[in-house]
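Colleague: Dropping a structure here in structure tokens format, bear with me for questions.
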Amino acid sequence: MAKADIVGGVLLMAFGLLLLGWIIPAQTHQDTGAAVPPALLPQICAIGITILAAILTLNALRGKTPAGKPPMMKEWAAMGAVITIILAGAALFKFVHPAVAGAFVSFATMIYMGERRIHLLILLPAGLVLSIYVLFYELLGTAIL
Amino acid sequence: MMEELAAGFGAALTIYNIAFIFMGVAIGYLVGALPGLGKGTATAVAIPITFYIEPLAAIAFLIGISKGSTAGSAVSAILMNTPGEPSSAPTALAGYPLARAGKAQKALKMGLYASVIGDFVSTCVLILSAQTLADYALGIGPIELVAILAFSLTFIAALSGNSMVKGLIAGLFGILCSTVGTEIETSTERFTFGSFDLYEGLPLIPVAIGMLALSEMMIQIGDRRRLEEQTDLLRGSGKPEDAVVTLADWKRSAKSIIRGTGIGIFVGILPGLGASTGSFLSYGMARRAAEDPEAFERDGAIEGVAAAESADNAVVPASFVPLFALGIPGSVIAAILIGAFIIQGVTPGPLMFIEQAELMQGIYASMLAASLILLFIGYFGQNMFARIIKLSPSLVLSTVVFLCCLGSYLQGGGMFGLYIMVLFGVIGFFARKYEFSFVTFLIGFVVGDGFELALRQSIGLLKGTPEAILDHPVALVFWALTVLGVIAILRRKKAKATTEPAPAAAE
């Protein structure tokens, strides 16, 4: 965790400096005439993050970092898989049909988790989409698309 | 007070409301019983549905979920030695050995009764204290509010993880994220990067779902083998022989329940301590008070289950005291509830008692009703829930991922909400794995707007004379408490570090 904290601390410091030097000036209006400029709070946060990130890095370098559990390979893989499934679902939503997208998200997650029972792979996604339809369109009487 | 509450009961006890409270408690109990799914996930995922129902039913539904899931987490703790939430870990310590000894039903029932007692008493304390505190809060100005928010955030950052520095970074990042969108005073945009979707800021619900639920799903799916092993453990255990709570059990547990409820209420009112602190503290005290403390983990102890569950469940209603009285969320559930209040057009804080008096009394009545419904559902449904948690994790987790997407789509302005959820899901994943408190982030994000407004007003009121703060004793007290609290916490952590081996040395 010490190594992770050093890397994390340096990245956060860089992020804080990037905020102060470029993002905040570029993304906030400077000449509003307001007594308190819109950039004030973001600047306070950025300064705070930069200083605290420096402390985090120093603490890690001095070995004062509590033990932790960095992500395992299978957790990285799961993160990638979940993102891919959701983005693929978004593409299906846009180019095919929302119901197909919803069913796909559930189906693909089950497949990734090792589910191979055909009846469950069909019934759960279909049941979820149907339940949402009944809940919103039949019971609550409101369109959600 | 009683007349207003009676009117609240009139508004709350309709078939419509009761149905939603019932559904909320049942869903919450089930989700709580499933390992890895906590009340934060359940409440965040359910918020979008509440947009389409009446305000009182919506809030009651969410409160039902949070109450149900807190109590339900004892089921997997006792039957599978796997706490549904970290705050149920002490329940597993004392309850699982009982289940192995064939007393699962006894442990489950005592856990339920202690949960309901803790929850009910804590709700009564909330009802009796929040309005009084809110009356005082109405006299609080922006200078005091800045001090109170700074105190709350620092306190939460210090207590919600291993590292105070990381907690503060998370809190500041949360406030920074809250500044995205149109700035209130000058109506100019900030950090929109030319995107119209960002003009109204980052939508709360997709951010909350991403940070709480999706990031948790990424970790759970990654560690699915462990989940499957836990489910197998359940199949091999759970043979209840002793199914009743006897008078002797009540005598053994009464003190633990009373003490646990008191601890839970105290811990709940203080921002940031959380249910885990309450349940561990209560369990530890019950263990110390026992004649044979070693027997708690060796043979199991019914009073240990009672101590942990009464404290765990007393924390939730008590954590609403600062939310209702001051508009400050002291826990992740309170932060999520702010989102629900805003969706319903209600601003949490002391003015709620004046502007939304009927709604407040209705919420109180619904909370009391939820306690009783919890008893009913827990008593008659425990066996059924115990069977449901045998379901394959792939069915449960894929359903949650589906609901995350649906909720973010509904409350985040369509596909934009989905992308925000994914972004904050990734941020939440890193926050969890590298121990940056996502609770502090979320609370910083929720209170960020109010903090900025109060800060602006304070600067205006002080007119460039910082010494004018001396005319605001309440603010001074909170600034002093912030500094003293930080020093005390750092000293305690330093003392703890010197008594424990350093991580590097331990490795």
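By convention in this document, the chains of the structure tokens carry letters A, B, ... by their order, each chain's residues are numbered from 1, and ligands are numbered from 1 in the order they are shown.
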Chain A near chain B within 6 Å: what's each residue's closest atom pair and its distance in Å to one decimal, counting only C-alpha atoms, ordered by chain then ascending residue number, as a tab-separated table?

Modeller:
residue	atom	partner	partner_atom	distance
A:Gln27	CA	B:Phe191	CA	4.9
A:Thr28	CA	B:Arg190	CA	4.9
A:Pro42	CA	B:Leu176	CA	5.6
A:Cys45	CA	B:Leu172	CA	5.3
A:Ile49	CA	B:Ile169	CA	5.5
A:Ala67	CA	B:Pro503	CA	5.4
A:Pro70	CA	B:Lys433	CA	5.6
A:Pro71	CA	B:Lys433	CA	5.9
A:Lys74	CA	B:Gly222	CA	5.1
A:Glu75	CA	B:Gly222	CA	4.1
A:Ala78	CA	B:Gly222	CA	4.8
A:Met79	CA	B:Met218	CA	5.0
A:Ser106	CA	B:Ser398	CA	4.9
A:Thr109	CA	B:Ser398	CA	5.3
A:Met110	CA	B:Ser394	CA	5.2
A:Met113	CA	B:Ser394	CA	5.7

Colleague: If you run DSSP on the backbone here, which positions in chain A get alpha helix (DSSP H)? Please write them as a tab-separated table (two decimals) with N, CA and C atoms, in the first residue's frame.

Modeller:
chain	number	residue	atom	x	y	z
A	2	ALA	N	2.09	1.17	0.57
A	2	ALA	CA	2.96	2.34	0.61
A	2	ALA	C	3.26	2.82	-0.81
A	3	LYS	N	3.59	1.84	-1.70
A	3	LYS	CA	3.90	2.20	-3.08
A	3	LYS	C	2.67	2.84	-3.74
A	4	ALA	N	1.51	2.23	-3.48
A	4	ALA	CA	0.27	2.76	-4.06
A	4	ALA	C	0.01	4.17	-3.55
A	5	ASP	N	0.30	4.41	-2.28
A	5	ASP	CA	0.07	5.74	-1.73
A	5	ASP	C	1.04	6.77	-2.30
A	6	ILE	N	2.26	6.33	-2.58
A	6	ILE	CA	3.23	7.26	-3.19
A	6	ILE	C	2.74	7.64	-4.59
A	7	VAL	N	2.36	6.62	-5.36
A	7	VAL	CA	1.87	6.88	-6.72
A	7	VAL	C	0.60	7.73	-6.66
A	8	GLY	N	-0.34	7.30	-5.77
A	8	GLY	CA	-1.60	8.04	-5.64
A	8	GLY	C	-1.37	9.47	-5.20
A	9	GLY	N	-0.49	9.66	-4.24
A	9	GLY	CA	-0.19	11.00	-3.74
A	9	GLY	C	0.38	11.89	-4.82
A	10	VAL	N	1.31	11.33	-5.61
A	10	VAL	CA	1.93	12.13	-6.69
A	10	VAL	C	0.87	12.48	-7.75
A	11	LEU	N	0.05	11.49	-8.09
A	11	LEU	CA	-1.00	11.75	-9.09
A	11	LEU	C	-1.98	12.82	-8.60
A	12	LEU	N	-2.34	12.72	-7.33
A	12	LEU	CA	-3.28	13.71	-6.78
A	12	LEU	C	-2.64	15.10	-6.71
A	13	MET	N	-1.34	15.14	-6.40
A	13	MET	CA	-0.65	16.44	-6.40
A	13	MET	C	-0.67	17.04	-7.81
A	14	ALA	N	-0.38	16.18	-8.79
A	14	ALA	CA	-0.39	16.64	-10.18
A	14	ALA	C	-1.79	17.13	-10.56
A	15	PHE	N	-2.81	16.38	-10.10
A	15	PHE	CA	-4.20	16.77	-10.37
A	15	PHE	C	-4.51	18.14	-9.74
A	16	GLY	N	-4.08	18.31	-8.49
A	16	GLY	CA	-4.31	19.58	-7.80
A	16	GLY	C	-3.64	20.74	-8.51
A	17	LEU	N	-2.39	20.52	-8.94
A	17	LEU	CA	-1.66	21.59	-9.64
A	17	LEU	C	-2.29	21.88	-11.00
A	18	LEU	N	-2.76	20.81	-11.65
A	18	LEU	CA	-3.43	20.98	-12.95
A	18	LEU	C	-4.71	21.81	-12.77
A	24	ILE	N	-9.05	25.30	-13.48
A	24	ILE	CA	-9.89	26.32	-12.81
A	24	ILE	C	-9.87	27.66	-13.59
A	25	PRO	N	-8.70	28.17	-14.00
A	25	PRO	CA	-8.73	29.41	-14.79
A	25	PRO	C	-9.50	29.27	-16.11
A	26	ALA	N	-9.37	28.07	-16.74
A	26	ALA	CA	-10.01	27.90	-18.04
A	26	ALA	C	-11.51	27.64	-17.93
A	27	GLN	N	-11.94	27.06	-16.82
A	27	GLN	CA	-13.33	26.61	-16.72
A	27	GLN	C	-14.17	27.43	-15.73
A	40	LEU	N	-13.39	30.70	-6.19
A	40	LEU	CA	-12.85	30.63	-4.82
A	40	LEU	C	-12.91	29.22	-4.22
A	41	LEU	N	-14.11	28.64	-4.18
A	41	LEU	CA	-14.23	27.33	-3.53
A	41	LEU	C	-13.43	26.25	-4.27
A	42	PRO	N	-13.53	26.19	-5.62
A	42	PRO	CA	-12.68	25.21	-6.31
A	42	PRO	C	-11.19	25.39	-6.00
A	43	GLN	N	-10.76	26.67	-5.88
A	43	GLN	CA	-9.34	26.90	-5.57
A	43	GLN	C	-9.00	26.40	-4.16
A	44	ILE	N	-9.91	26.66	-3.20
A	44	ILE	CA	-9.67	26.17	-1.83
A	44	ILE	C	-9.54	24.64	-1.85
A	45	CYS	N	-10.46	23.99	-2.59
A	45	CYS	CA	-10.42	22.51	-2.67
A	45	CYS	C	-9.13	22.04	-3.32
A	46	ALA	N	-8.75	22.70	-4.42
A	46	ALA	CA	-7.55	22.27	-5.15
A	46	ALA	C	-6.30	22.44	-4.28
A	47	ILE	N	-6.23	23.56	-3.57
A	47	ILE	CA	-5.06	23.79	-2.69
A	47	ILE	C	-5.04	22.71	-1.60
A	48	GLY	N	-6.22	22.46	-1.02
A	48	GLY	CA	-6.32	21.44	0.03
A	48	GLY	C	-5.90	20.07	-0.47
A	49	ILE	N	-6.38	19.69	-1.66
A	49	ILE	CA	-6.04	18.37	-2.22
A	49	ILE	C	-4.53	18.29	-2.47
A	50	THR	N	-3.94	19.36	-3.01
A	50	THR	CA	-2.50	19.35	-3.32
A	50	THR	C	-1.68	19.18	-2.04
A	51	ILE	N	-2.02	19.97	-1.01
A	51	ILE	CA	-1.25	19.89	0.25
A	51	ILE	C	-1.43	18.52	0.90
A	52	LEU	N	-2.67	18.05	0.95
A	52	LEU	CA	-2.93	16.74	1.59
A	52	LEU	C	-2.27	15.60	0.81
A	53	ALA	N	-2.24	15.73	-0.53
A	53	ALA	CA	-1.58	14.70	-1.34
A	53	ALA	C	-0.08	14.69	-1.06
A	54	ALA	N	0.47	15.88	-0.84
A	54	ALA	CA	1.90	15.95	-0.50
A	54	ALA	C	2.15	15.26	0.85
A	55	ILE	N	1.25	15.51	1.81
A	55	ILE	CA	1.39	14.86	3.13
A	55	ILE	C	1.26	13.34	2.99
A	56	LEU	N	0.30	12.91	2.16
A	56	LEU	CA	0.10	11.47	1.93
A	56	LEU	C	1.37	10.84	1.37
A	57	THR	N	1.97	11.51	0.39
A	57	THR	CA	3.20	10.99	-0.23
A	57	THR	C	4.33	10.92	0.80
A	58	LEU	N	4.48	12.00	1.57
A	58	LEU	CA	5.55	12.03	2.58
A	58	LEU	C	5.36	10.93	3.62
A	59	ASN	N	4.12	10.79	4.08
A	59	ASN	CA	3.83	9.74	5.07
A	59	ASN	C	4.17	8.36	4.51
A	60	ALA	N	3.82	8.15	3.23
A	60	ALA	CA	4.10	6.84	2.62
A	60	ALA	C	5.60	6.62	2.50
A	61	LEU	N	6.32	7.68	2.14
A	61	LEU	CA	7.78	7.57	2.02
A	61	LEU	C	8.43	7.27	3.37
A	73	MET	N	-6.02	-9.09	-9.43
A	73	MET	CA	-6.14	-9.14	-10.89
A	73	MET	C	-7.60	-9.36	-11.31
A	74	LYS	N	-8.27	-10.29	-10.58
A	74	LYS	CA	-9.65	-10.62	-10.97
A	74	LYS	C	-10.59	-9.43	-10.72
A	75	GLU	N	-10.22	-8.55	-9.77
A	75	GLU	CA	-11.06	-7.36	-9.55
A	75	GLU	C	-10.86	-6.33	-10.67
A	76	TRP	N	-9.60	-6.19	-11.12
A	76	TRP	CA	-9.37	-5.33	-12.29
A	76	TRP	C	-10.17	-5.85	-13.47
A	77	ALA	N	-10.12	-7.17	-13.67
A	77	ALA	CA	-10.83	-7.77	-14.80
A	77	ALA	C	-12.33	-7.53	-14.68
A	78	ALA	N	-12.85	-7.67	-13.47
A	78	ALA	CA	-14.29	-7.47	-13.27
A	78	ALA	C	-14.67	-6.02	-13.55
A	79	MET	N	-13.81	-5.10	-13.13
A	79	MET	CA	-14.10	-3.68	-13.39
A	79	MET	C	-14.20	-3.45	-14.90
A	80	GLY	N	-13.20	-3.98	-15.62
A	80	GLY	CA	-13.21	-3.83	-17.08
A	80	GLY	C	-14.44	-4.46	-17.70
A	81	ALA	N	-14.79	-5.65	-17.20
A	81	ALA	CA	-15.94	-6.36	-17.77
A	81	ALA	C	-17.24	-5.60	-17.52
A	82	VAL	N	-17.41	-5.08	-16.31
A	82	VAL	CA	-18.65	-4.36	-15.99
A	82	VAL	C	-18.78	-3.11	-16.85
A	83	ILE	N	-17.66	-2.38	-17.00
A	83	ILE	CA	-17.70	-1.17	-17.84
A	83	ILE	C	-18.05	-1.55	-19.28
A	84	THR	N	-17.40	-2.59	-19.79
A	84	THR	CA	-17.66	-3.02	-21.17
A	84	THR	C	-19.12	-3.41	-21.36
A	85	ILE	N	-19.64	-4.17	-20.39
A	85	ILE	CA	-21.04	-4.62	-20.50
A	85	ILE	C	-21.99	-3.42	-20.52
A	86	ILE	N	-21.74	-2.46	-19.63
A	86	ILE	CA	-22.65	-1.30	-19.57
A	86	ILE	C	-22.55	-0.46	-20.84
A	87	LEU	N	-21.33	-0.26	-21.33
A	87	LEU	CA	-21.18	0.55	-22.55
A	87	LEU	C	-21.76	-0.18	-23.76
A	88	ALA	N	-21.61	-1.50	-23.79
A	88	ALA	CA	-22.23	-2.27	-24.89
A	88	ALA	C	-23.75	-2.16	-24.77
A	89	GLY	N	-24.25	-2.20	-23.54
A	89	GLY	CA	-25.69	-2.02	-23.31
A	89	GLY	C	-26.15	-0.65	-23.79
A	90	ALA	N	-25.31	0.37	-23.55
A	90	ALA	CA	-25.66	1.73	-24.00
A	90	ALA	C	-25.75	1.77	-25.52
A	91	ALA	N	-24.82	1.07	-26.18
A	91	ALA	CA	-24.85	1.04	-27.66
A	91	ALA	C	-26.12	0.33	-28.15
A	92	LEU	N	-26.47	-0.76	-27.50
A	92	LEU	CA	-27.70	-1.48	-27.88
A	92	LEU	C	-28.93	-0.60	-27.64
A	93	PHE	N	-28.89	0.16	-26.56
A	93	PHE	CA	-30.00	1.07	-26.24
A	93	PHE	C	-30.20	2.06	-27.39
A	94	LYS	N	-29.07	2.57	-27.88
A	94	LYS	CA	-29.12	3.61	-28.90
A	94	LYS	C	-29.49	3.05	-30.28
A	95	PHE	N	-28.90	1.89	-30.62
A	95	PHE	CA	-29.03	1.41	-32.00
A	95	PHE	C	-30.04	0.27	-32.17
A	98	PRO	N	-34.27	-0.32	-26.16
A	98	PRO	CA	-33.98	-0.27	-24.72
A	98	PRO	C	-34.20	-1.61	-24.01
A	99	ALA	N	-35.24	-2.35	-24.41
A	99	ALA	CA	-35.51	-3.63	-23.75
A	99	ALA	C	-34.37	-4.62	-24.00
A	100	VAL	N	-33.84	-4.60	-25.22
A	100	VAL	CA	-32.72	-5.49	-25.56
A	100	VAL	C	-31.50	-5.10	-24.73
A	101	ALA	N	-31.30	-3.79	-24.60
A	101	ALA	CA	-30.15	-3.31	-23.82
A	101	ALA	C	-30.24	-3.77	-22.37
A	102	GLY	N	-31.42	-3.62	-21.78
A	102	GLY	CA	-31.61	-4.02	-20.38
A	102	GLY	C	-31.38	-5.51	-20.19
A	103	ALA	N	-31.96	-6.29	-21.09
A	103	ALA	CA	-31.81	-7.74	-20.99
A	103	ALA	C	-30.34	-8.14	-21.18
A	104	PHE	N	-29.67	-7.44	-22.11
A	104	PHE	CA	-28.26	-7.76	-22.37
A	104	PHE	C	-27.39	-7.54	-21.13
A	105	VAL	N	-27.61	-6.41	-20.43
A	105	VAL	CA	-26.78	-6.09	-19.25
A	105	VAL	C	-26.87	-7.22	-18.23
A	106	SER	N	-28.09	-7.67	-17.96
A	106	SER	CA	-28.28	-8.75	-16.99
A	106	SER	C	-27.69	-10.07	-17.50
A	107	PHE	N	-27.96	-10.38	-18.77
A	107	PHE	CA	-27.50	-11.63	-19.39
A	107	PHE	C	-25.97	-11.69	-19.41
A	108	ALA	N	-25.35	-10.61	-19.87
A	108	ALA	CA	-23.88	-10.61	-20.01
A	108	ALA	C	-23.20	-10.68	-18.65
A	109	THR	N	-23.78	-10.03	-17.64
A	109	THR	CA	-23.18	-10.11	-16.30
A	109	THR	C	-23.25	-11.54	-15.79
A	110	MET	N	-24.36	-12.21	-16.02
A	110	MET	CA	-24.48	-13.62	-15.58
A	110	MET	C	-23.47	-14.51	-16.30
A	111	ILE	N	-23.35	-14.29	-17.60
A	111	ILE	CA	-22.38	-15.08	-18.37
A	111	ILE	C	-20.97	-14.86	-17.82
A	112	TYR	N	-20.63	-13.58	-17.56
A	112	TYR	CA	-19.29	-13.28	-17.05
A	112	TYR	C	-19.05	-13.96	-15.70
A	118	ILE	N	-29.32	-22.48	-18.92
A	118	ILE	CA	-30.02	-21.79	-20.00
A	118	ILE	C	-31.32	-21.14	-19.51
A	119	HIS	N	-32.09	-21.88	-18.71
A	119	HIS	CA	-33.40	-21.34	-18.31
A	119	HIS	C	-33.22	-20.04	-17.49
A	120	LEU	N	-32.17	-20.00	-16.66
A	120	LEU	CA	-31.94	-18.78	-15.88
A	120	LEU	C	-31.44	-17.64	-16.76
A	121	LEU	N	-30.58	-18.00	-17.71
A	121	LEU	CA	-30.04	-16.97	-18.61
A	121	LEU	C	-31.14	-16.33	-19.45
A	122	ILE	N	-32.21	-17.06	-19.68
A	122	ILE	CA	-33.33	-16.50	-20.46
A	122	ILE	C	-34.36	-15.84	-19.54
A	123	LEU	N	-34.70	-16.56	-18.47
A	123	LEU	CA	-35.81	-16.07	-17.63
A	123	LEU	C	-35.48	-14.81	-16.84
A	124	LEU	N	-34.27	-14.72	-16.28
A	124	LEU	CA	-33.96	-13.55	-15.44
A	124	LEU	C	-33.96	-12.24	-16.24
A	125	PRO	N	-33.19	-12.14	-17.36
A	125	PRO	CA	-33.23	-10.88	-18.11
A	125	PRO	C	-34.64	-10.53	-18.60
A	126	ALA	N	-35.34	-11.56	-19.10
A	126	ALA	CA	-36.70	-11.29	-19.60
A	126	ALA	C	-37.60	-10.85	-18.45
A	127	GLY	N	-37.46	-11.52	-17.31
A	127	GLY	CA	-38.28	-11.18	-16.15
A	127	GLY	C	-38.01	-9.77	-15.65
A	128	LEU	N	-36.74	-9.37	-15.65
A	128	LEU	CA	-36.40	-8.02	-15.18
A	128	LEU	C	-37.02	-6.95	-16.08
A	129	VAL	N	-36.85	-7.14	-17.39
A	129	VAL	CA	-37.38	-6.14	-18.33
A	129	VAL	C	-38.91	-6.07	-18.20
A	130	LEU	N	-39.52	-7.25	-18.11
A	130	LEU	CA	-40.98	-7.29	-17.99
A	130	LEU	C	-41.44	-6.64	-16.68
A	131	SER	N	-40.71	-6.89	-15.59
A	131	SER	CA	-41.08	-6.30	-14.29
A	131	SER	C	-41.02	-4.79	-14.34
A	132	ILE	N	-39.98	-4.26	-14.98
A	132	ILE	CA	-39.84	-2.81	-15.07
A	132	ILE	C	-40.99	-2.23	-15.91
A	133	TYR	N	-41.33	-2.92	-16.98
A	133	TYR	CA	-42.45	-2.47	-17.82
A	133	TYR	C	-43.74	-2.43	-16.99

Colleague: Considering only C-alpha atoms, return as a compact mmCIF listing (two decimals) with N, CA and C atoms, in the first residue's frame whatever protein or nucleic-acid residues lie within 8 Å of Pro97 of chain B, sequence-local ones (same chain, fewer than 3 positions apart) excluded.

Modeller:
# COMPACT_ATOMS: atom_id res chain seq x y z
N LEU B 93 -19.82 -12.92 15.12
CA LEU B 93 -18.91 -13.48 16.14
C LEU B 93 -19.68 -14.25 17.20
N ALA B 94 -20.80 -13.66 17.65
CA ALA B 94 -21.55 -14.30 18.73
C ALA B 94 -22.66 -15.21 18.22
N ARG B 100 -24.18 -22.93 14.69
CA ARG B 100 -23.48 -24.22 14.57
C ARG B 100 -23.91 -25.19 15.67
N ALA B 101 -24.32 -24.61 16.79
CA ALA B 101 -24.78 -25.46 17.90
C ALA B 101 -26.26 -25.79 17.77
N GLU B 297 -17.12 -16.01 21.56
CA GLU B 297 -16.74 -16.47 20.21
C GLU B 297 -16.64 -18.00 20.16
N ARG B 298 -16.40 -18.63 21.31
CA ARG B 298 -16.22 -20.08 21.33
C ARG B 298 -17.56 -20.82 21.20
N ASP B 299 -18.51 -20.46 22.09
CA ASP B 299 -19.80 -21.15 22.11
C ASP B 299 -20.95 -20.31 21.56
N GLY B 300 -20.67 -19.02 21.34
CA GLY B 300 -21.74 -18.10 20.96
C GLY B 300 -22.41 -17.54 22.19

Colleague: Ranking B:Ala370, B:Ala295, B:Leu375, B:Val332 by minimum distance to Phe20 of chain B and counting only C-alpha atoms, which one comes first?

Modeller: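 Smallest separation from Phe20 of chain B among the options: B:Ala370.
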
Colleague: Between B:Tyr379, B:Tyr113, B:Tyr136, B:Phe196, which has the minimum distance to Ala308 of chain B (counting only C-alpha atoms)?

Modeller: B:Tyr113

Colleague: Please measure the separation of atom CA of Gly68 of chain B and atom CA of Leu112 of chain B, giving the value in Å to one decimal.

Modeller: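 Atom-to-atom, atom CA of Gly68 of chain B to atom CA of Leu112 of chain B, that is 10.4 Å.
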
Colleague: I want to know what sits within 9 Å of Lys67 of chain B, based on only C-alpha atoms, with residues of the same chain fewer than 4 positions away left out; could you give that as a PDB file with N, CA and C atoms, in the first residue's frame?

Modeller:
ATOM      1  N   GLY B  24     -40.756  -1.591   1.213  1.00  0.00           N
ATOM      2  CA  GLY B  24     -39.417  -1.088   1.547  1.00  0.00           C
ATOM      3  C   GLY B  24     -38.726  -1.974   2.573  1.00  0.00           C
ATOM      4  N   VAL B  25     -39.444  -2.296   3.647  1.00  0.00           N
ATOM      5  CA  VAL B  25     -38.841  -3.125   4.707  1.00  0.00           C
ATOM      6  C   VAL B  25     -38.516  -4.519   4.156  1.00  0.00           C
ATOM      7  N   GLY B  28     -35.594  -4.263   1.775  1.00  0.00           N
ATOM      8  CA  GLY B  28     -34.410  -3.970   2.583  1.00  0.00           C
ATOM      9  C   GLY B  28     -33.936  -5.187   3.358  1.00  0.00           C
ATOM     10  N   TYR B  29     -34.875  -5.903   3.943  1.00  0.00           N
ATOM     11  CA  TYR B  29     -34.523  -7.094   4.741  1.00  0.00           C
ATOM     12  C   TYR B  29     -33.840  -8.145   3.852  1.00  0.00           C
ATOM     13  N   LYS B  39     -27.094  -1.448   3.000  1.00  0.00           N
ATOM     14  CA  LYS B  39     -28.233  -0.521   2.927  1.00  0.00           C
ATOM     15  C   LYS B  39     -27.949   0.653   2.000  1.00  0.00           C
ATOM     16  N   LEU B  62     -38.006   4.492   1.346  1.00  0.00           N
ATOM     17  CA  LEU B  62     -36.544   4.459   1.486  1.00  0.00           C
ATOM     18  C   LEU B  62     -36.127   4.204   2.931  1.00  0.00           C
ATOM     19  N   ILE B  63     -36.845   4.828   3.867  1.00  0.00           N
ATOM     20  CA  ILE B  63     -36.523   4.595   5.278  1.00  0.00           C
ATOM     21  C   ILE B  63     -36.801   3.126   5.616  1.00  0.00           C
ATOM     22  N   ALA B  71     -31.478  -4.536   9.738  1.00  0.00           N
ATOM     23  CA  ALA B  71     -31.870  -5.715  10.527  1.00  0.00           C
ATOM     24  C   ALA B  71     -31.573  -7.008   9.766  1.00  0.00           C
ATOM     25  N   GLY B  72     -31.793  -6.990   8.445  1.00  0.00           N
ATOM     26  CA  GLY B  72     -31.624  -8.210   7.640  1.00  0.00           C
ATOM     27  C   GLY B  72     -30.190  -8.708   7.590  1.00  0.00           C
ATOM     28  N   ASP B 119     -34.205   0.044  17.150  1.00  0.00           N
ATOM     29  CA  ASP B 119     -34.730   0.919  16.110  1.00  0.00           C
ATOM     30  C   ASP B 119     -35.902   1.766  16.625  1.00  0.00           C
ATOM     31  N   ASN B 313     -28.983  -1.168  14.891  1.00  0.00           N
ATOM     32  CA  ASN B 313     -30.263  -0.644  14.407  1.00  0.00           C
ATOM     33  C   ASN B 313     -30.643   0.690  15.039  1.00  0.00           C
ATOM     34  N   VAL B 316     -29.345   4.017  12.880  1.00  0.00           N
ATOM     35  CA  VAL B 316     -29.980   4.569  11.672  1.00  0.00           C
ATOM     36  C   VAL B 316     -30.950   5.726  11.986  1.00  0.00           C
ATOM     37  N   PRO B 317     -31.979   5.524  12.830  1.00  0.00           N
ATOM     38  CA  PRO B 317     -32.870   6.666  13.101  1.00  0.00           C
ATOM     39  C   PRO B 317     -32.142   7.828  13.774  1.00  0.00           C
ATOM     40  N   MET B 367     -41.957   6.000  10.229  1.00  0.00           N
ATOM     41  CA  MET B 367     -40.783   5.342  10.827  1.00  0.00           C
ATOM     42  C   MET B 367     -41.203   4.408  11.960  1.00  0.00           C
ATOM     43  N   ALA B 370     -42.776   1.493  10.410  1.00  0.00           N
ATOM     44  CA  ALA B 370     -41.761   0.622   9.790  1.00  0.00           C
ATOM     45  C   ALA B 370     -41.122  -0.293  10.838  1.00  0.00           C
ATOM     46  N   SER B 371     -40.964   0.213  12.066  1.00  0.00           N
ATOM     47  CA  SER B 371     -40.384  -0.622  13.130  1.00  0.00           C
ATOM     48  C   SER B 371     -41.279  -1.836  13.389  1.00  0.00           C
ATOM     49  N   LEU B 374     -41.231  -4.171  10.503  1.00  0.00           N
ATOM     50  CA  LEU B 374     -39.970  -4.914  10.544  1.00  0.00           C
ATOM     51  C   LEU B 374     -40.091  -6.153  11.431  1.00  0.00           C
TER      52      LEU B 374
END

Colleague: With distances taken over only C-alpha atoms, which residue among B:Ala290, B:Leu337, B:Val315, B:Ile265 lies nearest Val125 of chain B?

Modeller: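 Counting only C-alpha atoms, the residue closest to Val125 of chain B is B:Ile265.
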